[in-house]
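Peer 1: Below is coords.txt; it holds compact mmCIF, C-alpha atoms.
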# COMPACT_ATOMS: atom_id res chain seq x y z
CA MET N 1 11.32 22.95 -1.64
CA ALA N 2 10.54 19.56 -0.31
CA GLU N 3 7.07 18.57 0.87
CA ARG N 4 7.12 15.02 2.13
CA LEU N 5 3.44 14.16 2.13
CA SER N 6 2.36 10.56 1.84
CA LEU N 7 -1.18 10.02 0.64
CA THR N 8 -3.78 7.27 0.68
CA LEU N 9 -5.00 6.92 -2.87
CA PRO N 10 -8.71 7.47 -3.55
CA PRO N 11 -10.87 4.67 -4.95
CA THR N 12 -10.64 6.17 -8.40
CA MET N 13 -7.01 5.11 -8.49
CA ALA N 14 -7.93 1.42 -8.53
CA ALA N 15 -8.41 1.47 -12.27
CA PHE N 16 -5.14 3.28 -12.72
CA THR N 17 -3.11 0.57 -11.02
CA ALA N 18 -4.07 -1.86 -13.73
CA SER N 19 -1.35 -0.36 -15.87
CA SER N 20 -0.81 -3.43 -17.97
CA ARG N 21 -4.05 -2.64 -19.79
CA ILE N 22 -3.05 0.88 -20.87
CA LEU N 23 -3.08 1.28 -24.62
CA PRO N 24 -0.41 2.95 -26.74
CA ALA N 25 -0.94 6.67 -27.01
CA ALA N 26 -2.49 6.70 -30.46
CA SER N 27 -5.01 4.00 -29.62
CA ARG N 28 -5.82 5.65 -26.32
CA ALA N 29 -6.54 8.90 -28.11
CA ARG N 30 -9.03 7.15 -30.34
CA VAL N 31 -10.70 5.33 -27.47
CA SER N 32 -11.11 8.60 -25.60
CA LEU N 33 -13.33 9.87 -28.39
CA ALA N 34 -15.78 7.05 -27.90
CA TYR N 35 -15.86 6.99 -24.12
CA SER N 36 -15.45 10.56 -22.94
CA SER N 37 -18.44 11.77 -20.98
CA PRO N 38 -20.92 14.20 -22.55
CA SER N 39 -20.03 16.81 -19.92
CA SER N 40 -16.38 16.75 -20.88
CA SER N 41 -14.85 18.80 -23.64
CA ALA N 42 -12.41 15.99 -24.31
CA SER N 43 -14.25 14.50 -27.31
CA LEU N 44 -14.10 17.46 -29.67
CA SER N 45 -10.67 18.63 -28.60
CA SER N 46 -9.28 15.10 -28.79
CA LEU N 47 -10.55 14.91 -32.37
CA LYS N 48 -8.83 18.18 -33.18
CA CYS N 49 -5.55 17.13 -31.61
CA LEU N 50 -5.64 13.38 -32.19
CA GLY N 51 -2.11 13.32 -33.49
CA SER N 52 -0.64 15.27 -30.58
CA SER N 53 -1.75 13.07 -27.67
CA PRO N 54 1.36 12.36 -25.56
CA LEU N 55 2.83 8.94 -25.08
CA VAL N 56 2.13 7.12 -21.82
CA SER N 57 5.10 7.22 -19.45
CA ARG N 58 6.97 3.94 -19.21
CA LEU N 59 6.78 4.40 -15.46
CA PHE N 60 3.38 2.75 -15.63
CA LEU N 61 4.16 0.24 -18.37
CA ASN N 62 6.36 -2.73 -17.61
CA GLN N 63 6.12 -3.99 -21.13
CA LYS N 64 8.03 -2.53 -24.09
CA ARG N 65 6.18 0.32 -25.77
CA SER N 66 4.67 -0.74 -29.07
CA PRO N 67 5.29 1.40 -32.16
CA VAL N 68 2.54 3.94 -32.64
CA ALA N 69 0.41 2.75 -35.51
CA ARG N 70 -1.23 4.95 -38.09
CA VAL N 71 -4.56 5.85 -36.50
CA VAL N 72 -7.62 6.83 -38.48
CA SER N 73 -10.22 8.97 -36.76
CA GLU N 74 -13.97 8.80 -37.26
CA ARG N 75 -13.55 11.59 -39.84
CA GLY N 76 -11.10 9.56 -41.85
CA LEU N 77 -8.01 11.61 -40.94
CA SER N 78 -4.78 9.85 -40.05
CA ALA N 79 -2.72 11.03 -37.12
CA ALA N 80 -0.02 12.13 -39.51
CA ALA N 81 -2.52 14.24 -41.44
CA THR N 82 -4.12 15.86 -38.41
CA PRO N 83 -3.66 19.65 -38.53
CA LYS N 84 -1.15 21.06 -36.06
CA CYS N 85 -2.74 22.44 -32.90
CA ALA N 86 -1.68 24.02 -29.61
CA ALA N 87 0.18 21.88 -27.07
CA SER N 88 -2.86 21.91 -24.75
CA ASP N 89 -6.55 22.50 -25.36
CA PRO N 90 -7.89 25.58 -23.48
CA ASP N 91 -11.28 24.04 -22.72
CA GLN N 92 -9.67 20.92 -21.32
CA LEU N 93 -7.31 23.06 -19.23
CA ARG N 94 -10.30 24.83 -17.66
CA SER N 95 -12.09 21.56 -16.98
CA ALA N 96 -8.95 19.98 -15.54
CA ARG N 97 -8.57 22.95 -13.21
CA GLU N 98 -12.05 22.35 -11.81
CA ASP N 99 -11.27 18.68 -11.28
CA ILE N 100 -8.04 19.61 -9.49
CA LYS N 101 -10.05 21.79 -7.12
CA GLU N 102 -12.24 18.81 -6.26
CA LEU N 103 -9.16 16.63 -5.80
CA LEU N 104 -7.76 19.16 -3.34
CA LYS N 105 -10.98 19.22 -1.35
CA THR N 106 -11.04 15.46 -0.89
CA ASN N 107 -7.33 14.61 -0.61
CA PHE N 108 -5.79 17.72 0.99
CA CYS N 109 -2.86 17.25 -1.37
CA HIS N 110 -2.00 20.92 -1.88
CA PRO N 111 1.65 20.63 -0.74
CA ILE N 112 2.67 17.66 -2.83
CA LEU N 113 1.07 19.07 -6.01
CA ILE N 114 2.94 22.33 -5.49
CA ARG N 115 6.16 20.41 -5.04
CA LEU N 116 5.53 18.41 -8.21
CA GLY N 117 5.24 21.56 -10.29
CA TRP N 118 8.26 23.12 -8.65
CA HIS N 119 10.50 20.10 -9.13
CA ASP N 120 9.55 19.71 -12.77
CA ALA N 121 10.42 23.35 -13.45
CA GLY N 122 13.34 23.62 -11.03
CA THR N 123 15.77 21.62 -13.14
CA TYR N 124 16.19 24.57 -15.53
CA ASN N 125 19.72 25.66 -16.42
CA LYS N 126 19.90 29.09 -18.04
CA ASN N 127 23.37 28.31 -19.39
CA ILE N 128 22.06 25.58 -21.69
CA GLN N 129 20.26 26.77 -24.81
CA GLU N 130 18.94 23.52 -26.28
CA TRP N 131 15.47 22.21 -25.40
CA PRO N 132 14.90 19.94 -23.54
CA GLN N 133 18.51 19.60 -22.36
CA LYS N 134 18.17 22.85 -20.43
CA GLY N 135 15.50 21.26 -18.22
CA GLY N 136 12.57 23.17 -16.81
CA ALA N 137 8.80 22.78 -17.03
CA ASN N 138 8.54 20.10 -19.70
CA GLY N 139 6.81 17.18 -17.94
CA SER N 140 9.94 15.05 -17.67
CA LEU N 141 9.26 14.32 -14.00
CA ARG N 142 6.68 11.72 -14.99
CA PHE N 143 9.43 9.29 -15.99
CA GLU N 144 10.84 6.80 -13.52
CA VAL N 145 14.47 7.76 -14.05
CA GLU N 146 13.77 11.30 -12.78
CA LEU N 147 11.29 10.26 -10.10
CA LYS N 148 14.11 8.20 -8.58
CA HIS N 149 16.23 11.29 -7.95
CA ALA N 150 16.65 11.71 -4.20
CA ALA N 151 15.09 15.18 -4.17
CA ASN N 152 11.91 13.74 -5.73
CA ALA N 153 11.22 11.11 -3.06
CA GLY N 154 7.47 10.59 -2.67
CA LEU N 155 6.46 12.53 -5.78
CA VAL N 156 5.22 9.35 -7.42
CA ASN N 157 2.18 9.82 -5.16
CA ALA N 158 1.46 13.19 -6.75
CA LEU N 159 1.78 11.70 -10.20
CA LYS N 160 -0.64 8.92 -9.31
CA LEU N 161 -3.17 11.49 -8.10
CA LEU N 162 -3.00 13.39 -11.39
CA GLN N 163 -2.85 10.46 -13.80
CA PRO N 164 -6.67 9.97 -13.91
CA LEU N 165 -6.97 13.62 -14.93
CA LYS N 166 -4.34 13.15 -17.62
CA ASP N 167 -6.27 10.15 -18.92
CA LYS N 168 -9.50 12.16 -18.88
CA TYR N 169 -7.99 15.25 -20.51
CA SER N 170 -5.65 13.85 -23.13
CA GLY N 171 -5.49 17.27 -24.76
CA VAL N 172 -3.50 18.67 -21.81
CA THR N 173 0.24 17.99 -21.71
CA TYR N 174 1.92 16.66 -18.58
CA ALA N 175 4.02 19.82 -18.54
CA ASP N 176 0.89 21.97 -18.31
CA LEU N 177 -0.93 19.63 -15.92
CA PHE N 178 1.89 19.75 -13.38
CA GLN N 179 2.00 23.55 -13.40
CA LEU N 180 -1.79 23.89 -13.43
CA ALA N 181 -2.04 21.67 -10.35
CA SER N 182 0.70 23.58 -8.56
CA ALA N 183 -0.79 27.03 -9.14
CA THR N 184 -4.33 25.86 -8.37
CA ALA N 185 -3.14 24.36 -5.08
CA ILE N 186 -1.63 27.69 -4.02
CA GLU N 187 -4.80 29.58 -4.85
CA GLU N 188 -7.15 27.07 -3.24
CA ALA N 189 -5.09 27.11 -0.02
CA GLY N 190 -5.78 30.82 0.32
CA GLY N 191 -2.78 32.12 -1.58
CA PRO N 192 -2.55 34.73 -4.31
CA LYS N 193 -3.81 34.39 -7.86
CA ILE N 194 -0.88 33.22 -9.98
CA PRO N 195 -0.60 34.89 -13.44
CA MET N 196 -0.17 31.62 -15.29
CA LYS N 197 -0.01 30.77 -18.96
CA TYR N 198 -0.17 27.34 -20.59
CA GLY N 199 0.70 25.58 -23.82
CA ARG N 200 3.90 23.88 -22.61
CA VAL N 201 5.26 21.21 -24.91
CA GLU N 202 6.20 17.99 -23.10
CA VAL N 203 9.17 15.70 -23.57
CA THR N 204 8.36 12.27 -24.96
CA GLY N 205 10.82 9.88 -23.36
CA PRO N 206 13.08 9.25 -20.35
CA THR N 207 16.23 9.96 -22.36
CA GLU N 208 15.17 13.61 -22.29
CA CYS N 209 15.17 13.82 -18.47
CA PRO N 210 17.81 16.03 -16.80
CA GLU N 211 20.63 14.54 -14.77
CA GLU N 212 20.31 14.34 -11.00
CA GLY N 213 21.63 17.18 -8.84
CA ARG N 214 19.87 20.26 -10.17
CA LEU N 215 17.44 20.69 -7.24
CA PRO N 216 18.31 22.25 -3.87
CA ASP N 217 19.29 20.29 -0.75
CA ALA N 218 17.77 20.95 2.67
CA GLY N 219 20.98 20.92 4.69
CA PRO N 220 24.05 21.90 2.64
CA PRO N 221 27.27 22.99 4.41
CA SER N 222 26.79 26.60 3.27
CA PRO N 223 23.02 27.18 2.90
CA ALA N 224 23.18 30.71 1.47
CA ASP N 225 25.78 29.81 -1.15
CA HIS N 226 23.89 26.65 -2.05
CA LEU N 227 20.58 28.44 -2.54
CA ARG N 228 22.23 31.02 -4.75
CA ASP N 229 24.10 28.41 -6.77
CA VAL N 230 20.86 26.55 -7.51
CA PHE N 231 18.47 29.46 -8.02
CA TYR N 232 20.89 31.77 -9.81
CA ARG N 233 21.44 28.91 -12.28
CA MET N 234 17.70 29.17 -12.98
CA GLY N 235 17.94 32.93 -13.48
CA LEU N 236 16.23 33.82 -10.18
CA ASN N 237 17.39 36.45 -7.69
CA ASP N 238 17.52 36.84 -3.90
CA LYS N 239 14.02 38.30 -3.63
CA GLU N 240 12.59 35.41 -5.62
CA ILE N 241 14.53 32.85 -3.54
CA VAL N 242 13.02 34.21 -0.33
CA ALA N 243 9.52 34.61 -1.77
CA LEU N 244 9.47 31.05 -3.09
CA SER N 245 10.79 29.74 0.24
CA GLY N 246 7.59 31.09 1.74
CA ALA N 247 5.65 28.24 0.14
CA HIS N 248 6.94 26.11 3.02
CA THR N 249 4.03 27.61 4.89
CA LEU N 250 2.32 24.56 3.36
CA GLY N 251 3.25 20.96 3.94
CA ARG N 252 5.41 18.68 6.04
CA SER N 253 8.82 17.04 5.92
CA ARG N 254 9.00 13.29 6.50
CA PRO N 255 12.25 11.89 7.92
CA GLU N 256 11.82 8.55 6.17
CA ARG N 257 12.03 10.38 2.83
CA SER N 258 14.21 13.42 3.38
CA GLY N 259 16.09 12.63 6.57
CA TRP N 260 14.69 15.81 8.11
CA GLY N 261 11.95 16.48 10.62
CA LYS N 262 10.18 14.54 13.35
CA PRO N 263 8.09 11.43 12.68
CA GLU N 264 5.05 13.36 13.95
CA THR N 265 4.06 16.40 16.00
CA LYS N 266 0.93 17.67 17.68
CA TYR N 267 0.16 19.49 14.45
CA THR N 268 0.49 16.47 12.14
CA LYS N 269 -0.37 13.35 14.13
CA ASP N 270 -3.99 13.40 12.99
CA GLY N 271 -3.41 14.30 9.34
CA PRO N 272 -5.27 15.22 7.18
CA GLY N 273 -3.99 12.73 4.68
CA ALA N 274 -1.52 10.24 6.08
CA PRO N 275 -0.60 11.32 9.63
CA GLY N 276 2.92 12.27 10.59
CA GLY N 277 5.86 14.38 9.55
CA GLN N 278 6.86 17.79 10.81
CA SER N 279 5.39 21.00 9.42
CA TRP N 280 6.92 24.44 9.15
CA THR N 281 3.73 26.10 10.39
CA VAL N 282 0.79 25.31 12.67
CA GLN N 283 -1.88 25.51 9.95
CA TRP N 284 0.14 23.75 7.32
CA LEU N 285 -2.63 23.69 4.72
CA LYS N 286 -3.17 27.43 4.78
CA PHE N 287 -1.12 29.70 2.53
CA ASP N 288 -0.12 32.89 4.36
CA ASN N 289 3.04 34.55 5.70
CA SER N 290 3.20 32.53 8.93
CA TYR N 291 6.31 30.69 7.66
CA PHE N 292 8.37 33.86 7.95
CA LYS N 293 6.94 34.73 11.36
CA ASP N 294 7.60 31.26 12.73
CA ILE N 295 11.11 31.00 11.31
CA LYS N 296 11.97 34.39 12.78
CA GLU N 297 10.64 33.60 16.26
CA ARG N 298 11.64 29.91 16.46
CA ARG N 299 9.64 29.44 19.65
CA ASP N 300 7.93 26.15 18.88
CA GLU N 301 10.01 22.97 18.85
CA ASP N 302 7.28 21.18 16.94
CA LEU N 303 7.77 23.46 13.92
CA LEU N 304 10.51 22.61 11.45
CA VAL N 305 13.41 24.94 10.69
CA LEU N 306 15.86 23.62 8.10
CA PRO N 307 19.29 25.20 7.55
CA THR N 308 17.97 26.65 4.29
CA ASP N 309 15.08 28.20 6.28
CA ALA N 310 17.18 29.66 9.07
CA VAL N 311 19.58 31.31 6.63
CA LEU N 312 16.81 33.57 5.36
CA PHE N 313 17.16 35.57 8.59
CA GLU N 314 20.95 35.20 8.80
CA ASP N 315 22.11 36.30 5.35
CA ALA N 316 21.90 40.09 5.03
CA SER N 317 20.37 40.14 1.56
CA PHE N 318 17.86 37.37 2.25
CA LYS N 319 16.95 38.92 5.61
CA GLU N 320 15.81 42.15 3.99
CA TYR N 321 13.02 40.31 2.20
CA ALA N 322 12.25 37.79 4.94
CA GLU N 323 11.70 40.59 7.46
CA LYS N 324 9.46 42.41 5.01
CA TYR N 325 7.36 39.32 4.32
CA ALA N 326 6.98 38.55 8.02
CA GLU N 327 5.45 42.00 8.49
CA ASP N 328 3.55 42.47 5.24
CA GLN N 329 1.55 39.56 3.83
CA GLU N 330 0.25 41.61 0.92
CA THR N 331 3.79 42.27 -0.29
CA PHE N 332 4.68 38.61 0.16
CA PHE N 333 1.66 37.51 -1.87
CA LYS N 334 2.52 39.91 -4.68
CA ASP N 335 6.16 38.85 -4.85
CA TYR N 336 5.32 35.18 -4.47
CA ALA N 337 2.78 35.21 -7.31
CA GLU N 338 5.33 36.78 -9.65
CA ALA N 339 8.11 34.38 -8.63
CA HIS N 340 5.87 31.31 -8.91
CA ALA N 341 4.75 32.28 -12.41
CA LYS N 342 8.36 32.90 -13.44
CA LEU N 343 9.46 29.52 -12.05
CA SER N 344 6.62 27.74 -13.85
CA ASN N 345 7.79 29.11 -17.21
CA LEU N 346 11.47 28.23 -16.86
CA GLY N 347 12.74 26.14 -19.75
CA ALA N 348 9.26 25.77 -21.20
CA LYS N 349 8.63 25.66 -24.94
CA PHE N 350 5.18 27.09 -25.62
CA ASP N 351 2.81 26.26 -28.45
CA PRO N 352 1.51 28.78 -29.37
CA PRO N 353 4.66 30.80 -28.56
CA GLU N 354 2.72 33.42 -26.60
CA GLY N 355 1.08 30.75 -24.44
CA ILE N 356 -2.54 30.18 -23.46
CA VAL N 357 -4.27 32.17 -20.71
CA ILE N 358 -7.30 30.62 -19.01
CA ASN N 359 -8.06 33.30 -16.44
CA ASP N 360 -11.56 33.30 -15.03
CA GLY N 361 -14.09 35.49 -16.80
CA PRO N 362 -16.00 38.21 -14.91
CA SER N 363 -19.10 36.04 -14.66
CA GLU N 364 -17.35 33.18 -12.87
CA SER N 365 -17.92 33.18 -9.14
CA ALA N 366 -14.95 32.99 -6.80
CA PRO N 367 -14.33 29.51 -5.36
CA GLU N 368 -14.85 28.81 -1.72
CA LYS N 369 -11.47 29.03 -0.06
CA PHE N 370 -10.03 26.06 1.76
CA VAL N 371 -10.24 26.65 5.52
CA ALA N 372 -7.14 25.05 7.00
CA ALA N 373 -8.29 25.54 10.59
CA LYS N 374 -10.98 22.93 10.05
CA TYR N 375 -8.32 20.28 9.51
CA SER N 376 -5.22 21.38 11.42
CA SER N 377 -6.06 22.77 14.85
CA GLY N 378 -2.71 22.07 16.48
CA LYS N 379 -4.44 20.85 19.62
CA ASP N 380 -3.18 17.83 21.57
Hey, can you dump this file as structure tokens for me?

Peer 2:
Amino acid sequence: MAERLSLTLPPTMAAFTASSRILPAASRARVSLAYSSPSSSASLSSLKCLGSSPLVSRLFLNQKRSPVARVVSERGLSAAATPKCAASDPDQLRSAREDIKELLKTNFCHPILIRLGWHDAGTYNKNIQEWPQKGGANGSLRFEVELKHAANAGLVNALKLLQPLKDKYSGVTYADLFQLASATAIEEAGGPKIPMKYGRVEVTGPTECPEEGRLPDAGPPSPADHLRDVFYRMGLNDKEIVALSGAHTLGRSRPERSGWGKPETKYTKDGPGAPGGQSWTVQWLKFDNSYFKDIKERRDEDLLVLPTDAVLFEDASFKEYAEKYAEDQETFFKDYAEAHAKLSNLGAKFDPPEGIVINDGPSESAPEKFVAAKYSSGKD
């Protein structure tokens, strides 16, 4: 599940690095009312949900967080008196999705955004009933203590890419933003439409982060047993394990982060993004079933095959699905979309309980699909 993509930050991140000037959450919510652009839906929804704006992660604040003062809005309502509202604002979710699409077009960051969503959700333990102790999609990955887990190496770059959107859309929780970015990246890379829902409540502090060790390793002594130990703990089955593994059709592994892969190959030496790493597929920014074909054939030494990849064609139960997906992309897309949506909901606490659906209406035109061949030719 590890995409080791290193990215050069866009100019818009310059303002973000000045973290010492970030205000406490309540003050920031008020400021957003005055300075949100007319084209954004942030102003009205921020007014509705003034009291529910999340606290800024201490990852970006070196100073001690100040107590949140009683904030009075322009309508004279205090934060404490603000009526309860959904965890995330639907209009802001839709607008954030459009901004994510633009981010993908300019930064080619599909793999690392997918990985961010996966690793936030993938800490779920079905045997723990209490929230947020059970882990899952709750936005805890924004805190430094969890970002420092070995399996999350490099994900701070994904968080930095999304932070300007979080600042712009304060009515969207981190938990929703991570999953929105992950699903949108799949779709924009040519993958299936993911049946997502939103409204995830986020954790508020680093003490609510899960302990290290809940995410899968790339090279365990017994790959099949390891995958089952990790994914069965989440409540997933063999079909879902194999389907989700197919997302390695996107991205690269970087040895300086994971200890796996080559420093560069003919497919990665020219980027896009920061050059280098070793990909699982030739067109590593295109979502299709080539991962299964390439793992099965293993004819190209420049394509990565981890022990947890190879086992998909060695274990009898895994092989049944891997063979099917190598032959039938439509079936893979169907099973992947279902598994991705299930993963994104693990451990989540929704407000409202039924979630929020922001599917496109019939009048919305389909987005232009990302054409990976324009950026990853594989030629020397």

Peer 1: Under the rule of at most 8 Å, produce a per-residue listing of range 203-243 of chain N near range 332-343 of chain N: chain, number, name, the closest pair of atoms, and the distance in Å, as a tab-separated table, using all atoms listed in the file.

Peer 2:
residue	atom	partner	partner_atom	distance
N:Lys239	CA	N:Asp335	CA	8.0
N:Glu240	CA	N:Ala339	CA	5.5
N:Ala243	CA	N:Tyr336	CA	5.0

Peer 1: Take the residues just selected and output them with C-alpha atoms as a JSON list (two decimals), in the coordinates of the input.

Peer 2:
[["chain", "number", "residue", "atom", "x", "y", "z"],
["N", 239, "LYS", "CA", 14.02, 38.30, -3.63],
["N", 240, "GLU", "CA", 12.59, 35.41, -5.62],
["N", 243, "ALA", "CA", 9.52, 34.61, -1.77]]

Peer 1: How many Å separate CA of Pro220 in chain N from CA of Thr268 in chain N?

Peer 2: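 Atom-to-atom, CA of Pro220 in chain N and CA of Thr268 in chain N are spaced 26.0 Å apart.
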
Peer 1: Hey, what's within 7 Å of range 344-355 of chain N if we count all atoms listed in the file and toss same-chain stuff fewer than 5 positions away? As JSON, numbers by chain, please?

Peer 2: {"N": [86, 87, 121, 124, 134, 135, 136, 137, 138, 179, 197, 198, 199, 200, 201]}

Peer 1: Which residues are close to Ser317 in chain N, i.e. within 12 Å by all atoms listed in the file, leaving aside same-chain residues fewer than 2 positions away? Reply as a PyMOL selection string.

Peer 2: chain N and resi 224-225+228+237-242+311-315+319-324

Peer 1: For a cutoff of 12 Å around the file-coordinate point (22.8, 14.4, -14.4), which residues qualify once you count all atoms listed in the file? I'd like the result as a list in words.

Peer 2: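 With a cut-off of 12 Å, the residues come to Thr123, Asn125, Gln133, Lys134, Gly135, Val145, Glu146, His149, Thr207, Glu208, Cys209, Pro210, Glu211, Glu212, Gly213, Arg214 and Leu215 of chain N.
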
Peer 1: Save the residues we just selected, C-alpha atoms, as a JSON list (two decimals), keeping the file's coordinate frame?

Peer 2:
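Contents of the output file part32.json:
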[["chain", "number", "residue", "atom", "x", "y", "z"],
["N", 123, "THR", "CA", 15.77, 21.62, -13.14],
["N", 125, "ASN", "CA", 19.72, 25.66, -16.42],
["N", 133, "GLN", "CA", 18.51, 19.60, -22.36],
["N", 134, "LYS", "CA", 18.17, 22.85, -20.43],
["N", 135, "GLY", "CA", 15.50, 21.26, -18.22],
["N", 145, "VAL", "CA", 14.47, 7.76, -14.05],
["N", 146, "GLU", "CA", 13.77, 11.30, -12.78],
["N", 149, "HIS", "CA", 16.23, 11.29, -7.95],
["N", 207, "THR", "CA", 16.23, 9.96, -22.36],
["N", 208, "GLU", "CA", 15.17, 13.61, -22.29],
["N", 209, "CYS", "CA", 15.17, 13.82, -18.47],
["N", 210, "PRO", "CA", 17.81, 16.03, -16.80],
["N", 211, "GLU", "CA", 20.63, 14.54, -14.77],
["N", 212, "GLU", "CA", 20.31, 14.34, -11.00],
["N", 213, "GLY", "CA", 21.63, 17.18, -8.84],
["N", 214, "ARG", "CA", 19.87, 20.26, -10.17],
["N", 215, "LEU", "CA", 17.44, 20.69, -7.24]]

Peer 1: Distance CA of Cys109 in chain N-CA of Leu165 in chain N, one decimal place?

Peer 2: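 Straight-line distance from CA of Cys109 in chain N to CA of Leu165 in chain N works out to 14.6 Å.
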
Peer 1: What does the structure give for the distance between CA of Pro275 in chain N and CA of Asp302 in chain N, in Å to one decimal?

Peer 2: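 Result for CA of Pro275 in chain N versus CA of Asp302 in chain N: 14.6 Å, one decimal.
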
Peer 1: Env of Thr173 in chain N: 9 Å cut, atoms = only C-alpha atoms, seq-sep filter 3 positions within chain, self excluded. Answer as a ChimeraX atom specification.

Peer 2: /N:53-54,87-89,138-139,166,169-170,176-178,199-202

Peer 1: Using only C-alpha atoms, which of N:Pro111, N:Gly191, N:Pro272, N:Pro90 sits nearest Leu250 in chain N?

Peer 2: N:Pro111
